[in-house]
>>> print(open('query_4.tsv').read())   # TSV, C-alpha atoms
chain	number	residue	atom	x	y	z
A	633	MET	CA	118.67	142.95	96.42
A	634	LYS	CA	116.48	140.83	94.17
A	635	LEU	CA	119.47	138.97	92.76
A	636	ARG	CA	120.17	137.50	96.17
A	637	ILE	CA	116.90	135.68	96.14
A	638	VAL	CA	117.19	134.21	92.65
A	639	GLY	CA	119.73	131.55	93.65
A	640	VAL	CA	117.73	130.42	96.64
A	641	ALA	CA	114.55	130.35	94.58
A	642	VAL	CA	116.12	128.29	91.79
A	643	LEU	CA	117.58	125.83	94.30
A	644	CYS	CA	114.21	125.51	95.99
A	645	ILE	CA	112.64	124.73	92.61
A	646	ILE	CA	115.33	122.12	91.96
A	647	LEU	CA	114.62	120.52	95.32
A	648	MET	CA	110.92	120.47	94.53
A	649	LEU	CA	111.67	118.75	91.23
A	650	ASN	CA	113.82	116.27	93.17
A	651	VAL	CA	110.89	115.43	95.40
A	652	ILE	CA	108.57	115.02	92.41
A	653	CYS	CA	111.04	112.85	90.48
A	654	THR	CA	111.69	110.65	93.49
A	655	GLN	CA	107.98	110.20	94.02
A	656	TYR	CA	107.43	109.25	90.37
A	657	MET	CA	110.47	106.98	90.40
A	658	VAL	CA	109.28	104.95	93.37
A	659	HIS	CA	105.71	104.73	92.15
A	660	GLN	CA	106.69	103.75	88.63
A	661	TYR	CA	108.93	101.06	90.10
A	662	TYR	CA	106.02	99.49	91.95
A	663	TYR	CA	103.86	99.81	88.83
A	664	GLU	CA	106.62	97.80	87.13
A	665	ASN	CA	107.27	100.46	84.49
A	666	TYR	CA	111.00	100.07	84.87
A	667	ILE	CA	111.94	102.33	81.97
A	668	ASN	CA	110.08	105.21	83.58
A	669	THR	CA	111.87	104.41	86.84
A	670	LEU	CA	115.20	104.78	85.06
A	671	ILE	CA	114.12	108.05	83.40
A	672	PHE	CA	113.08	109.67	86.67
A	673	GLY	CA	116.12	108.31	88.49
A	674	GLY	CA	118.31	109.80	85.77
A	675	LEU	CA	116.54	113.14	86.09
A	676	ASN	CA	117.13	113.03	89.83
A	677	ILE	CA	120.84	112.44	89.35
A	678	PHE	CA	121.03	115.12	86.65
A	679	LEU	CA	119.49	117.68	89.02
A	680	PHE	CA	122.44	117.42	91.43
A	681	PRO	CA	125.10	118.89	89.08
A	682	THR	CA	122.51	121.47	88.05
A	683	ALA	CA	122.15	122.48	91.69
A	684	ILE	CA	125.94	122.77	92.05
A	685	TYR	CA	126.06	124.86	88.88
A	686	VAL	CA	123.38	127.21	90.18
A	687	TYR	CA	125.16	127.50	93.50
A	688	LYS	CA	128.48	128.42	91.87
A	689	LYS	CA	126.79	130.72	89.38
A	690	THR	CA	125.24	132.83	92.11
A	691	ILE	CA	128.24	132.92	94.38
A	692	ASN	CA	129.39	136.28	93.01
A	693	ALA	CA	125.99	137.76	92.46
A	694	LYS	CA	125.91	141.40	93.40
A	695	ALA	CA	124.08	142.11	96.57
B	1342	MET	CA	116.32	139.60	130.51
B	1343	PRO	CA	115.13	143.17	130.71
B	1344	SER	CA	117.47	145.58	129.05
B	1345	ASP	CA	117.95	149.21	129.81
B	1346	LYS	CA	119.23	149.92	126.28
B	1347	ASN	CA	115.94	151.25	125.09
B	1348	ASN	CA	115.98	153.91	127.63
B	1349	LYS	CA	119.30	155.29	126.39
B	1350	ILE	CA	119.04	156.15	122.75
B	1351	PRO	CA	121.54	155.91	121.14
B	1352	PHE	CA	122.92	153.17	123.35
B	1353	ASN	CA	126.58	152.41	123.48
B	1354	GLU	CA	127.35	150.33	120.41
B	1355	ASP	CA	130.80	149.09	121.17
B	1356	ASN	CA	130.82	145.80	119.31
B	1357	TYR	CA	130.00	144.86	115.74
B	1358	THR	CA	128.10	141.67	116.59
B	1359	HIS	CA	125.46	143.19	118.78
B	1360	ASN	CA	122.75	141.96	116.42
B	1361	ILE	CA	123.71	138.28	116.76
B	1362	GLU	CA	121.33	136.77	119.21
B	1363	ARG	CA	121.89	133.06	118.85
B	1364	ASN	CA	124.76	130.63	118.64
B	1365	ASN	CA	125.93	129.93	115.09
B	1366	GLU	CA	123.63	132.56	113.71
B	1367	ARG	CA	126.15	133.37	111.00
B	1368	LYS	CA	126.09	129.74	109.87
B	1369	LEU	CA	122.44	130.00	109.02
B	1370	ASP	CA	122.82	132.75	106.47
B	1371	ARG	CA	121.60	132.64	102.88
B	1372	ARG	CA	124.69	130.95	101.49
B	1373	GLY	CA	124.65	128.30	104.22
B	1374	PHE	CA	121.05	127.63	103.39
B	1375	MET	CA	121.94	127.26	99.71
B	1376	LYS	CA	124.65	124.78	100.60
B	1377	THR	CA	122.06	122.77	102.50
B	1378	LEU	CA	119.81	122.81	99.45
B	1379	VAL	CA	122.60	121.58	97.19
B	1380	GLY	CA	123.43	118.87	99.73
B	1381	ALA	CA	119.81	117.78	99.78
B	1382	ALA	CA	119.83	117.55	95.97
B	1383	GLY	CA	122.92	115.36	96.29
B	1384	ALA	CA	121.18	113.14	98.81
B	1385	PHE	CA	118.26	112.72	96.40
B	1386	ALA	CA	120.64	111.87	93.58
B	1387	VAL	CA	122.45	109.23	95.64
B	1388	SER	CA	119.22	107.75	96.94
B	1389	SER	CA	117.89	107.23	93.42
B	1390	LEU	CA	120.87	105.06	92.46
B	1391	PRO	CA	119.63	101.82	94.09
B	1392	TRP	CA	116.20	102.27	92.48
B	1393	GLY	CA	117.86	102.64	89.12
B	1394	ALA	CA	119.91	99.53	89.81
B	1395	VAL	CA	116.97	97.31	90.71
B	1396	ALA	CA	114.93	98.67	87.80
B	1397	ALA	CA	117.78	97.90	85.39
B	1398	LYS	CA	118.04	94.44	86.90
B	1399	GLU	CA	114.34	93.85	86.32
B	1400	LEU	CA	114.66	95.06	82.74
B	1401	MET	CA	117.50	92.65	82.05
B	1402	GLY	CA	115.34	89.70	81.28
B	1403	LEU	CA	113.83	88.76	84.60
B	1404	GLY	CA	110.55	89.82	82.99
B	1405	ASP	CA	107.91	87.20	83.61
B	1406	LYS	CA	109.38	85.19	86.40
B	1407	GLU	CA	108.33	81.62	86.86
B	1408	TYR	CA	108.53	80.30	90.38
B	1409	PRO	CA	108.30	76.72	91.51
B	1410	HIS	CA	104.63	75.96	91.97
B	1411	GLN	CA	103.80	76.15	95.62
B	1412	LYS	CA	101.00	74.35	97.36
B	1413	ILE	CA	98.95	76.77	99.45
B	1414	THR	CA	96.27	74.62	101.00
B	1415	ASP	CA	93.98	71.69	100.43
B	1416	ILE	CA	90.52	72.58	99.17
B	1417	SER	CA	88.96	70.68	102.06
B	1418	ASP	CA	90.73	72.98	104.54
B	1419	ILE	CA	89.28	76.23	103.22
B	1420	PRO	CA	85.51	76.72	103.31
B	1421	VAL	CA	83.83	79.15	100.91
B	1422	GLY	CA	84.25	82.75	102.16
B	1423	GLU	CA	87.34	82.01	104.18
B	1424	ALA	CA	90.89	83.14	103.62
B	1425	VAL	CA	94.26	81.61	104.26
B	1426	GLU	CA	97.61	83.32	104.53
B	1427	PHE	CA	100.71	82.06	102.81
B	1428	THR	CA	103.95	83.43	101.42
B	1429	PHE	CA	104.77	83.62	97.76
B	1430	PRO	CA	107.20	83.73	96.00
B	1431	GLY	CA	109.69	84.44	98.79
B	1432	GLU	CA	109.23	83.59	102.41
B	1433	HIS	CA	108.89	87.27	103.24
B	1434	ASP	CA	106.27	88.04	100.58
B	1435	ASP	CA	103.06	87.60	102.50
B	1436	ALA	CA	100.02	86.72	100.48
B	1437	LEU	CA	96.37	85.99	101.02
B	1438	LEU	CA	94.17	83.38	99.35
B	1439	VAL	CA	90.40	83.94	99.45
B	1440	ARG	CA	87.86	81.35	98.40
B	1441	LEU	CA	84.99	83.37	96.93
B	1442	ALA	CA	82.83	80.55	95.64
B	1443	GLU	CA	82.89	76.84	95.23
B	1444	ASN	CA	85.32	77.04	92.36
B	1445	LYS	CA	86.54	80.60	92.59
B	1446	TYR	CA	89.79	81.47	94.29
B	1447	VAL	CA	91.72	84.73	94.30
B	1448	ALA	CA	95.11	85.46	95.82
B	1449	TYR	CA	97.04	88.67	96.28
B	1450	GLN	CA	100.28	89.70	97.81
B	1451	ASN	CA	98.77	91.37	100.83
B	1452	ALA	CA	101.28	94.10	101.61
B	1453	CYS	CA	99.17	97.24	101.31
B	1454	THR	CA	100.28	99.33	98.35
B	1455	HIS	CA	100.26	102.43	100.51
B	1456	LEU	CA	102.81	101.67	103.23
B	1457	ARG	CA	103.01	97.89	103.14
B	1458	CYS	CA	100.87	97.08	106.16
B	1459	PRO	CA	99.27	93.64	105.95
B	1460	VAL	CA	95.86	93.58	104.30
B	1461	PHE	CA	93.18	91.38	105.87
B	1462	TRP	CA	90.09	89.68	104.47
B	1463	LYS	CA	86.90	90.97	106.04
B	1464	LYS	CA	84.39	88.25	105.46
B	1465	GLU	CA	81.37	90.19	106.72
B	1466	GLN	CA	81.99	93.20	104.49
B	1467	GLY	CA	83.41	91.16	101.68
B	1468	GLU	CA	86.41	93.40	101.21
B	1469	LEU	CA	90.13	93.43	101.79
B	1470	LEU	CA	90.97	95.91	104.53
B	1471	CYS	CA	94.26	97.49	105.53
B	1472	PRO	CA	93.75	98.47	109.18
B	1473	CYS	CA	96.60	101.01	109.22
B	1474	HIS	CA	94.83	103.75	107.27
B	1475	HIS	CA	91.60	101.99	106.30
B	1476	GLY	CA	92.59	101.29	102.75
B	1477	LYS	CA	90.12	98.97	101.11
B	1478	PHE	CA	90.61	96.74	98.11
B	1479	ASP	CA	88.12	95.03	95.85
B	1480	VAL	CA	88.44	91.32	96.43
B	1481	GLU	CA	87.63	90.40	92.82
B	1482	THR	CA	90.33	92.51	91.20
B	1483	GLY	CA	92.59	93.84	93.95
B	1484	VAL	CA	91.87	97.42	92.90
B	1485	PRO	CA	91.76	99.92	95.79
B	1486	PHE	CA	88.49	101.75	96.29
B	1487	ALA	CA	88.96	103.55	99.61
B	1488	GLY	CA	91.71	105.07	101.65
B	1489	PRO	CA	95.21	106.12	100.63
B	1490	PRO	CA	96.37	103.25	98.37
B	1491	ARG	CA	96.29	104.00	94.65
B	1492	ARG	CA	97.82	100.86	93.15
B	1493	PRO	CA	96.16	97.45	92.96
B	1494	LEU	CA	97.47	94.57	95.01
B	1495	PRO	CA	99.73	92.29	92.96
B	1496	GLU	CA	97.62	89.31	91.98
B	1497	ILE	CA	98.90	85.76	92.24
B	1498	GLN	CA	97.87	83.33	89.54
B	1499	LEU	CA	96.50	80.09	90.91
B	1500	LYS	CA	96.04	76.56	89.76
B	1501	VAL	CA	93.67	74.05	91.30
B	1502	GLU	CA	94.92	70.52	90.98
B	1503	ASN	CA	94.34	67.25	92.80
B	1504	GLY	CA	92.20	68.85	95.49
B	1505	ALA	CA	94.72	71.52	96.37
B	1506	VAL	CA	95.40	75.13	95.41
B	1507	TYR	CA	98.80	76.04	93.99
B	1508	ALA	CA	100.40	79.44	93.50
B	1509	VAL	CA	101.92	79.68	90.03
B	1510	ARG	CA	103.23	83.17	89.47
B	1511	VAL	CA	102.77	86.82	90.34
B	1512	LYS	CA	100.76	88.58	87.70
B	1513	ARG	CA	102.40	91.62	86.18
B	1514	TYR	CA	100.65	94.92	85.84
B	1515	GLU	CA	99.44	95.72	82.39
B	1516	ALA	CA	101.22	98.91	81.48
>>> encode(input="query_4.tsv", output="structure tokens")
Amino acid sequence: MKLRIVGVAVLCIILMLNVICTQYMVHQYYYENYINTLIFGGLNIFLFPTAIYVYKKTINAKA
Amino acid sequence: MPSDKNNKIPFNEDNYTHNIERNNERKLDRRGFMKTLVGAAGAFAVSSLPWGAVAAKELMGLGDKEYPHQKITDISDIPVGEAVEFTFPGEHDDALLVRLAENKYVAYQNACTHLRCPVFWKKEQGELLCPCHHGKFDVETGVPFAGPPRRPLPEIQLKVENGAVYAVRVKRYEA
């Protein structure tokens, strides 16, 4: 039963990180710290394959 | 709709979807929700691409941009304590020049750093005010001191020459 929730929880965390990274990315852009913008943008892009991985990993999780 | 099921226990359970009460209820299960989450992560990833592109463009040498000097106004047209609006460096970058003293001028790009509403000069209070959410900026430095904005207004460097005020460049933030 608990295993069912793990995937959803991890994906929710990933989405939260997405929100945080996007926020930092936009703010750092306006602060003209362009390297930080690139770092957070990269993190944002990296989180997408992670989300797919988590989704596929939990697809056969026992109920 | 009142049901008489409750009065007949056990009621006649002749279909296996009796517990579906809404259209597409099976599409809103856990796995569908997870797909939505993954899709949202993808949307975030795609939406960060243009930011990365413009940031990379800025990093590639456009560092301290020099614009053609632009005349804002004649000194005789702007009394002490008054402000004049202009655009710098592009025609869509609204800016505000304030004459604080006889020989003291400040200018900022006046898109509020919260949600880009125009910021106005309030002569009576001596502060720059964004009317949208009452963000207030210090006129000497452009630093916000009230309301939602957290980032200073971008300052425009000025030059006074031949009885007129010129905009020279947009000051960069000190990291």
>>> residues_around(input="query_4.tsv", residues="Glu1502 (chain B)", least_positions_apart="3", cutoff="10 Å", atoms="all atoms listed in the file", output="ChimeraX atom specification")
/B:1412,1415-1416,1499,1505-1507
>>> interface_residues(input="query_4.tsv", of="chain A", to="chain B", cutoff="8 Å", atoms="only C-alpha atoms", output="list in words")
Gly639, Val640, Leu643, Cys644, Ile646, Leu647, Asn650, Val651, Thr654, Met657, Val658, Tyr661, Tyr663, Glu664, Asn665, Tyr666, Ile667, Thr669, Leu670, Gly673, Gly674, Asn676, Ile677, Phe678, Leu679, Phe680, Ala683, Ile684 and Tyr687 of chain A
>>> closest_residue(input="query_4.tsv", among="B:Leu1494, B:Asn1503, B:Asp1479, B:Leu1438", to="Gly1467 (chain B)", atoms="only C-alpha atoms")
B:Asp1479
>>> atom_distance(input="query_4.tsv", atom1="CA of Glu1423 (chain B)", atom2="CA of Lys1464 (chain B)")
7.0 Å
>>> atom_distance(input="query_4.tsv", atom1="CA of Phe1461 (chain B)", atom2="CA of Gly1483 (chain B)")
12.2 Å
>>> atom_distance(input="query_4.tsv", atom1="CA of Leu675 (chain A)", atom2="CA of Leu649 (chain A)")
9.0 Å
>>> residues_around(input="query_4.tsv", residues="Leu1469 (chain B)", least_positions_apart="5", cutoff="7 Å", atoms="all atoms listed in the file", output="VMD selection string")
chain B and resid 1460 to 1463 1477 to 1480
>>> residues_around(input="query_4.tsv", residues="His1455 (chain B)", least_positions_apart="3", cutoff="9 Å", atoms="all atoms listed in the file", output="list of chain:residue names")
B:Ala1452, B:Cys1458, B:His1474, B:Gly1476, B:Pro1489, B:Pro1490, B:Arg1491, B:Arg1492
>>> decode(input="query_4.tsv", residues="region 1474-1485 of chain B", atoms="N, CA and C atoms", output="PDB file, in the first residue's frame")
ATOM      1  N   HIS B1474       0.886  47.517  -6.650  1.00  0.00           N
ATOM      2  CA  HIS B1474       0.865  46.835  -5.351  1.00  0.00           C
ATOM      3  C   HIS B1474       1.562  47.674  -4.285  1.00  0.00           C
ATOM      4  N   HIS B1475       1.631  48.974  -4.522  1.00  0.00           N
ATOM      5  CA  HIS B1475       2.245  49.899  -3.586  1.00  0.00           C
ATOM      6  C   HIS B1475       3.673  49.528  -3.244  1.00  0.00           C
ATOM      7  N   GLY B1476       4.423  49.189  -4.267  1.00  0.00           N
ATOM      8  CA  GLY B1476       5.858  49.035  -4.080  1.00  0.00           C
ATOM      9  C   GLY B1476       6.490  50.412  -4.089  1.00  0.00           C
ATOM     10  N   LYS B1477       7.426  50.618  -3.187  1.00  0.00           N
ATOM     11  CA  LYS B1477       8.073  51.929  -3.100  1.00  0.00           C
ATOM     12  C   LYS B1477       9.576  51.774  -3.235  1.00  0.00           C
ATOM     13  N   PHE B1478      10.171  52.715  -3.950  1.00  0.00           N
ATOM     14  CA  PHE B1478      11.605  52.665  -4.184  1.00  0.00           C
ATOM     15  C   PHE B1478      12.240  53.955  -3.680  1.00  0.00           C
ATOM     16  N   ASP B1479      13.451  53.796  -3.154  1.00  0.00           N
ATOM     17  CA  ASP B1479      14.220  54.952  -2.720  1.00  0.00           C
ATOM     18  C   ASP B1479      14.712  55.694  -3.953  1.00  0.00           C
ATOM     19  N   VAL B1480      14.461  56.993  -3.983  1.00  0.00           N
ATOM     20  CA  VAL B1480      14.780  57.742  -5.196  1.00  0.00           C
ATOM     21  C   VAL B1480      16.291  57.941  -5.364  1.00  0.00           C
ATOM     22  N   GLU B1481      17.037  57.896  -4.265  1.00  0.00           N
ATOM     23  CA  GLU B1481      18.487  58.113  -4.373  1.00  0.00           C
ATOM     24  C   GLU B1481      19.197  56.914  -4.978  1.00  0.00           C
ATOM     25  N   THR B1482      18.725  55.703  -4.609  1.00  0.00           N
ATOM     26  CA  THR B1482      19.456  54.507  -5.012  1.00  0.00           C
ATOM     27  C   THR B1482      18.639  53.561  -5.888  1.00  0.00           C
ATOM     28  N   GLY B1483      17.317  53.686  -5.870  1.00  0.00           N
ATOM     29  CA  GLY B1483      16.485  52.750  -6.605  1.00  0.00           C
ATOM     30  C   GLY B1483      16.189  51.478  -5.847  1.00  0.00           C
ATOM     31  N   VAL B1484      16.622  51.404  -4.579  1.00  0.00           N
ATOM     32  CA  VAL B1484      16.403  50.198  -3.780  1.00  0.00           C
ATOM     33  C   VAL B1484      14.968  50.174  -3.265  1.00  0.00           C
ATOM     34  N   PRO B1485      14.269  49.055  -3.351  1.00  0.00           N
ATOM     35  CA  PRO B1485      12.894  49.006  -2.843  1.00  0.00           C
ATOM     36  C   PRO B1485      12.874  49.001  -1.321  1.00  0.00           C
TER      37      PRO B1485
END
